[in-house]
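Q: Encoded as structure tokens, here's the structure I'll be asking about.
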Amino acid sequence: MISMATPKQGDLLSKLEGHEIGIAELDAQHGQLFDFLAELKALRGKRYSFSAATNLLGRLAEFAKLHFAIEESMMRLLGYPDIEAHVEAHRQLSKQILSFRSHLINEDLAAQLQGFIEKWLIEHIDNVDRKLVNHFLQAHVLQS
Ligand SMILES: [Fe+2]
Ligand SMILES: [Fe+2]
């Protein structure tokens with residue numbers, strides 16, 4: 001059984017606010033992804049180190065992989081029609097995170113990457129993940 005971290009208070013919740021899709025488990029995972037980005041942001045200044053940034057990005061990449069796998073399983077189980085494009089979007093981000101990982105030599109590059117991932121996540125959640133909800137509702141899986 002996979003146990004998921006739940007979002008913490010503060011920066012994370014304000015980031016997630018307005019971007020909830022209404023599937024609690026996925027919202028919690030999206031919150032966790034924002035939390036990793038907040039941690040990366042917090043490494044600024046004297047706290048910045050290449051190893052801390054690459055370590056954090058490695059953990060973010062691992063968690064994103066898990067989250068994507070869960071979403072993709074749900075899509076497969078429920079016969080979601082646009083699965084291929086959605087999976088491809090996940091694959092592209094995973095690839096980009098890993099290719100950027102070795103370039104975090106200073107905090108400016110880390111900040112650029114953090115901004116890039118944050119923008120990607122918000123756009124993906126609002127425009128791509130949100131489309132899952134209607135399909136899942138039609139499949140009656142969200143109705144109690
Ligand atoms: Fe997602
Ligand atoms: Fe997604």
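Going by the structure tokens order, chains are called A, B, ..., each with residues numbered from 1, while ligands are numbered from 1 in the order shown.
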Could you give me, as JSON lines, a per-residue list for chain A showing, wherever an atom lies at most 10 Å from an atom of ligand 2, the closest pair of atoms and their distance in Å to one decimal, using only C-alpha atoms and all ligand atoms and sorting by chain then residue number from low to high?
A:
```
{"residue": "A:Leu26", "atom": "CA", "partner": "ligand 2", "partner_atom_place_in_ligand_line": "1 (Fe)", "distance": 9.2}
{"residue": "A:His30", "atom": "CA", "partner": "ligand 2", "partner_atom_place_in_ligand_line": "1 (Fe)", "distance": 9.5}
{"residue": "A:Ala64", "atom": "CA", "partner": "ligand 2", "partner_atom_place_in_ligand_line": "1 (Fe)", "distance": 9.6}
{"residue": "A:His67", "atom": "CA", "partner": "ligand 2", "partner_atom_place_in_ligand_line": "1 (Fe)", "distance": 8.1}
{"residue": "A:Phe68", "atom": "CA", "partner": "ligand 2", "partner_atom_place_in_ligand_line": "1 (Fe)", "distance": 6.1}
{"residue": "A:Ala69", "atom": "CA", "partner": "ligand 2", "partner_atom_place_in_ligand_line": "1 (Fe)", "distance": 9.3}
{"residue": "A:Ile70", "atom": "CA", "partner": "ligand 2", "partner_atom_place_in_ligand_line": "1 (Fe)", "distance": 9.4}
{"residue": "A:Glu71", "atom": "CA", "partner": "ligand 2", "partner_atom_place_in_ligand_line": "1 (Fe)", "distance": 6.3}
{"residue": "A:Glu72", "atom": "CA", "partner": "ligand 2", "partner_atom_place_in_ligand_line": "1 (Fe)", "distance": 7.8}
{"residue": "A:Met75", "atom": "CA", "partner": "ligand 2", "partner_atom_place_in_ligand_line": "1 (Fe)", "distance": 9.8}
{"residue": "A:Ile83", "atom": "CA", "partner": "ligand 2", "partner_atom_place_in_ligand_line": "1 (Fe)", "distance": 9.6}
{"residue": "A:Ala85", "atom": "CA", "partner": "ligand 2", "partner_atom_place_in_ligand_line": "1 (Fe)", "distance": 9.9}
{"residue": "A:His86", "atom": "CA", "partner": "ligand 2", "partner_atom_place_in_ligand_line": "1 (Fe)", "distance": 6.2}
{"residue": "A:Val87", "atom": "CA", "partner": "ligand 2", "partner_atom_place_in_ligand_line": "1 (Fe)", "distance": 7.4}
{"residue": "A:Glu88", "atom": "CA", "partner": "ligand 2", "partner_atom_place_in_ligand_line": "1 (Fe)", "distance": 9.6}
{"residue": "A:Ala89", "atom": "CA", "partner": "ligand 2", "partner_atom_place_in_ligand_line": "1 (Fe)", "distance": 7.5}
{"residue": "A:His90", "atom": "CA", "partner": "ligand 2", "partner_atom_place_in_ligand_line": "1 (Fe)", "distance": 6.3}
{"residue": "A:Arg91", "atom": "CA", "partner": "ligand 2", "partner_atom_place_in_ligand_line": "1 (Fe)", "distance": 10.0}
{"residue": "A:Leu121", "atom": "CA", "partner": "ligand 2", "partner_atom_place_in_ligand_line": "1 (Fe)", "distance": 8.6}
{"residue": "A:His124", "atom": "CA", "partner": "ligand 2", "partner_atom_place_in_ligand_line": "1 (Fe)", "distance": 6.4}
{"residue": "A:Ile125", "atom": "CA", "partner": "ligand 2", "partner_atom_place_in_ligand_line": "1 (Fe)", "distance": 6.6}
{"residue": "A:Asp126", "atom": "CA", "partner": "ligand 2", "partner_atom_place_in_ligand_line": "1 (Fe)", "distance": 9.7}
{"residue": "A:Asn127", "atom": "CA", "partner": "ligand 2", "partner_atom_place_in_ligand_line": "1 (Fe)", "distance": 9.4}
{"residue": "A:Val128", "atom": "CA", "partner": "ligand 2", "partner_atom_place_in_ligand_line": "1 (Fe)", "distance": 6.3}
{"residue": "A:Asp129", "atom": "CA", "partner": "ligand 2", "partner_atom_place_in_ligand_line": "1 (Fe)", "distance": 4.8}
{"residue": "A:Arg130", "atom": "CA", "partner": "ligand 2", "partner_atom_place_in_ligand_line": "1 (Fe)", "distance": 8.6}
{"residue": "A:Lys131", "atom": "CA", "partner": "ligand 2", "partner_atom_place_in_ligand_line": "1 (Fe)", "distance": 9.6}
{"residue": "A:Leu132", "atom": "CA", "partner": "ligand 2", "partner_atom_place_in_ligand_line": "1 (Fe)", "distance": 8.7}
```
Q: Keeping only N, CA and C atoms, write those residues as a CSV table (one decimal), in the first residue's frame.
A:
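Listing of selection02.csv after writing:
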```csv
chain,number,residue,atom,x,y,z
A,26,LEU,N,-5.4,13.1,-5.5
A,26,LEU,CA,-4.5,13.8,-6.5
A,26,LEU,C,-4.2,15.2,-6.0
A,30,HIS,N,-0.5,16.8,-5.6
A,30,HIS,CA,-0.1,18.1,-6.3
A,30,HIS,C,0.4,19.0,-5.2
A,64,ALA,N,7.2,12.9,-8.4
A,64,ALA,CA,6.5,13.2,-9.6
A,64,ALA,C,6.2,11.9,-10.4
A,67,HIS,N,3.4,10.0,-8.7
A,67,HIS,CA,2.2,10.7,-8.9
A,67,HIS,C,1.7,10.4,-10.4
A,68,PHE,N,2.6,10.5,-11.3
A,68,PHE,CA,2.2,10.3,-12.7
A,68,PHE,C,1.7,8.9,-12.9
A,69,ALA,N,2.4,7.9,-12.3
A,69,ALA,CA,2.1,6.5,-12.4
A,69,ALA,C,0.6,6.3,-11.9
A,70,ILE,N,0.3,6.9,-10.7
A,70,ILE,CA,-1.0,6.8,-10.1
A,70,ILE,C,-2.1,7.4,-11.1
A,71,GLU,N,-1.8,8.6,-11.6
A,71,GLU,CA,-2.8,9.2,-12.5
A,71,GLU,C,-3.0,8.3,-13.7
A,72,GLU,N,-1.9,7.8,-14.3
A,72,GLU,CA,-1.9,7.0,-15.5
A,72,GLU,C,-2.7,5.7,-15.2
A,75,MET,N,-6.3,6.5,-15.2
A,75,MET,CA,-6.8,6.8,-16.6
A,75,MET,C,-7.0,5.5,-17.4
A,83,ILE,N,-5.5,9.6,-23.1
A,83,ILE,CA,-4.4,9.1,-22.2
A,83,ILE,C,-3.1,9.3,-22.9
A,85,ALA,N,-1.8,11.6,-25.0
A,85,ALA,CA,-1.2,12.9,-24.9
A,85,ALA,C,-0.9,13.3,-23.4
A,86,HIS,N,-1.7,12.8,-22.5
A,86,HIS,CA,-1.5,13.1,-21.1
A,86,HIS,C,-0.2,12.4,-20.6
A,87,VAL,N,0.0,11.2,-21.0
A,87,VAL,CA,1.2,10.4,-20.6
A,87,VAL,C,2.4,11.1,-21.2
A,88,GLU,N,2.3,11.5,-22.4
A,88,GLU,CA,3.4,12.2,-23.1
A,88,GLU,C,3.8,13.5,-22.3
A,89,ALA,N,2.9,14.2,-21.9
A,89,ALA,CA,3.2,15.4,-21.1
A,89,ALA,C,3.9,15.1,-19.8
A,90,HIS,N,3.5,14.0,-19.1
A,90,HIS,CA,4.2,13.6,-17.9
A,90,HIS,C,5.6,13.2,-18.3
A,91,ARG,N,5.8,12.5,-19.4
A,91,ARG,CA,7.1,11.9,-19.8
A,91,ARG,C,8.1,13.1,-20.1
A,121,LEU,N,3.5,22.9,-13.7
A,121,LEU,CA,2.5,22.2,-12.8
A,121,LEU,C,1.2,22.9,-12.8
A,124,HIS,N,-0.5,22.4,-16.1
A,124,HIS,CA,-0.9,21.0,-16.3
A,124,HIS,C,-2.1,20.7,-15.4
A,125,ILE,N,-2.0,21.1,-14.2
A,125,ILE,CA,-3.2,20.8,-13.3
A,125,ILE,C,-4.4,21.4,-13.8
A,126,ASP,N,-4.3,22.7,-14.1
A,126,ASP,CA,-5.5,23.5,-14.5
A,126,ASP,C,-6.1,23.0,-15.9
A,127,ASN,N,-5.3,22.6,-16.8
A,127,ASN,CA,-5.8,22.4,-18.1
A,127,ASN,C,-5.8,20.9,-18.5
A,128,VAL,N,-4.9,20.1,-17.9
A,128,VAL,CA,-4.8,18.7,-18.4
A,128,VAL,C,-5.4,17.8,-17.3
A,129,ASP,N,-4.9,17.9,-16.1
A,129,ASP,CA,-5.5,17.1,-15.0
A,129,ASP,C,-7.0,17.3,-14.8
A,130,ARG,N,-7.4,18.6,-14.9
A,130,ARG,CA,-8.8,18.9,-14.6
A,130,ARG,C,-9.7,18.2,-15.5
A,131,LYS,N,-9.3,17.9,-16.7
A,131,LYS,CA,-10.1,17.2,-17.7
A,131,LYS,C,-10.4,15.8,-17.3
A,132,LEU,N,-9.6,15.2,-16.4
A,132,LEU,CA,-9.9,13.9,-15.9
A,132,LEU,C,-11.1,13.8,-15.1
```
Q: Please provide the set of residues having any atom within 9 Å of A:Leu16, restricted to only C-alpha atoms, with same-chain residues fewer than 6 positions apart removed, written as JSON, numbers by chain.
A: {"A": [27, 30, 31, 34, 122]}
Q: Would you save the residues from that selection as an mmCIF file, in the first residue's frame, using N, CA and C atoms?
A:
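Just written: out_3.cif:
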```cif
data_model
loop_
_atom_site.group_PDB
_atom_site.id
_atom_site.type_symbol
_atom_site.label_atom_id
_atom_site.label_comp_id
_atom_site.auth_asym_id
_atom_site.auth_seq_id
_atom_site.Cartn_x
_atom_site.Cartn_y
_atom_site.Cartn_z
ATOM 1 N N ASP A 27 -5.160 15.881 -5.392
ATOM 2 C CA ASP A 27 -4.894 17.222 -4.864
ATOM 3 C C ASP A 27 -3.783 17.175 -3.811
ATOM 4 N N HIS A 30 -0.524 16.811 -5.641
ATOM 5 C CA HIS A 30 -0.131 18.084 -6.270
ATOM 6 C C HIS A 30 0.423 19.030 -5.202
ATOM 7 N N GLY A 31 -0.225 19.021 -4.032
ATOM 8 C CA GLY A 31 0.249 19.855 -2.922
ATOM 9 C C GLY A 31 1.667 19.483 -2.525
ATOM 10 N N PHE A 34 4.130 20.955 -4.949
ATOM 11 C CA PHE A 34 4.374 22.374 -4.661
ATOM 12 C C PHE A 34 5.275 22.524 -3.439
ATOM 13 N N ILE A 122 1.209 24.199 -12.671
ATOM 14 C CA ILE A 122 -0.047 24.956 -12.619
ATOM 15 C C ILE A 122 -0.812 24.799 -13.934
#
```
Q: I'd like to know which residues of stretch 7-89 of chain A are alpha helix (DSSP H) (by DSSP, run on the backbone); could you write them as a count of residues only?
A: 59
Q: If you count only C-alpha atoms, which residues fall within 7 Å of A:Leu104, apart from same-chain ones fewer than 5 positions away, as a tab-separated table (two decimals) with C-alpha atoms, in the first residue's frame?
A:
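Result file is selection_36.tsv:
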```
chain	number	residue	atom	x	y	z
A	50	PHE	CA	24.55	22.16	-5.27
A	53	ALA	CA	19.45	21.33	-4.66
A	54	THR	CA	20.20	18.17	-6.64
A	109	LEU	CA	19.66	28.33	-12.16
A	110	ALA	CA	17.80	26.59	-9.36
```
Q: Quick one, how far is atom CA of A:Asp35 from atom CA of A:Leu77?
A: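 So the answer is 28.5 Å.
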Q: Please provide as an MDAnalysis selection string all residues within 12 Å of A:Ile117, with the sequence filter that same-chain residues fewer than 4 positions apart are discarded (counting only C-alpha atoms).
A: chainID A and resid 33:34 36:38 40:41 57 60:61 64 90 92:98 100 110:113 121:125
Q: Out of A:His103, A:Trp120, A:Gln138, A:His19, which residue has the shortest atom-to-atom distance to A:Tyr80 when counting only C-alpha atoms?
A: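 Once distances to A:Tyr80 are computed over only C-alpha atoms, the minimum belongs to A:Gln138.
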Q: When you count only C-alpha atoms and all ligand atoms, which of these residues is closest to ligand 1: A:Lys65, A:Gly18, A:Glu39, A:Arg44?
A: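 The answer is A:Lys65, which sits nearest to ligand 1.
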Q: Find, counting only C-alpha atoms and all ligand atoms, the residue in A:Phe63, A:Glu17, A:Arg76, A:Ala42 that gets nearest to ligand 1.
A: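 When distances to ligand 1 are compared using only C-alpha atoms and all ligand atoms, the smallest one comes from A:Phe63.
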Q: Do you have the atom CA of A:Asn106-atom CA of A:Gln32 distance handy?
A: 24.1 Å
Q: So how many Å separate atom CA of A:Phe116 and atom CA of A:Lys46, to one decimal?
A: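 According to the coordinates, atom CA of A:Phe116 and atom CA of A:Lys46 are separated by 22.6 Å.
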Q: Can you work out which one of A:Leu43, A:Ala52, A:Ala24, A:Gln29 has the shortest atom-to-atom distance to ligand 1, counting only C-alpha atoms and all ligand atoms?
A: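 The closest residue to ligand 1 is A:Gln29.
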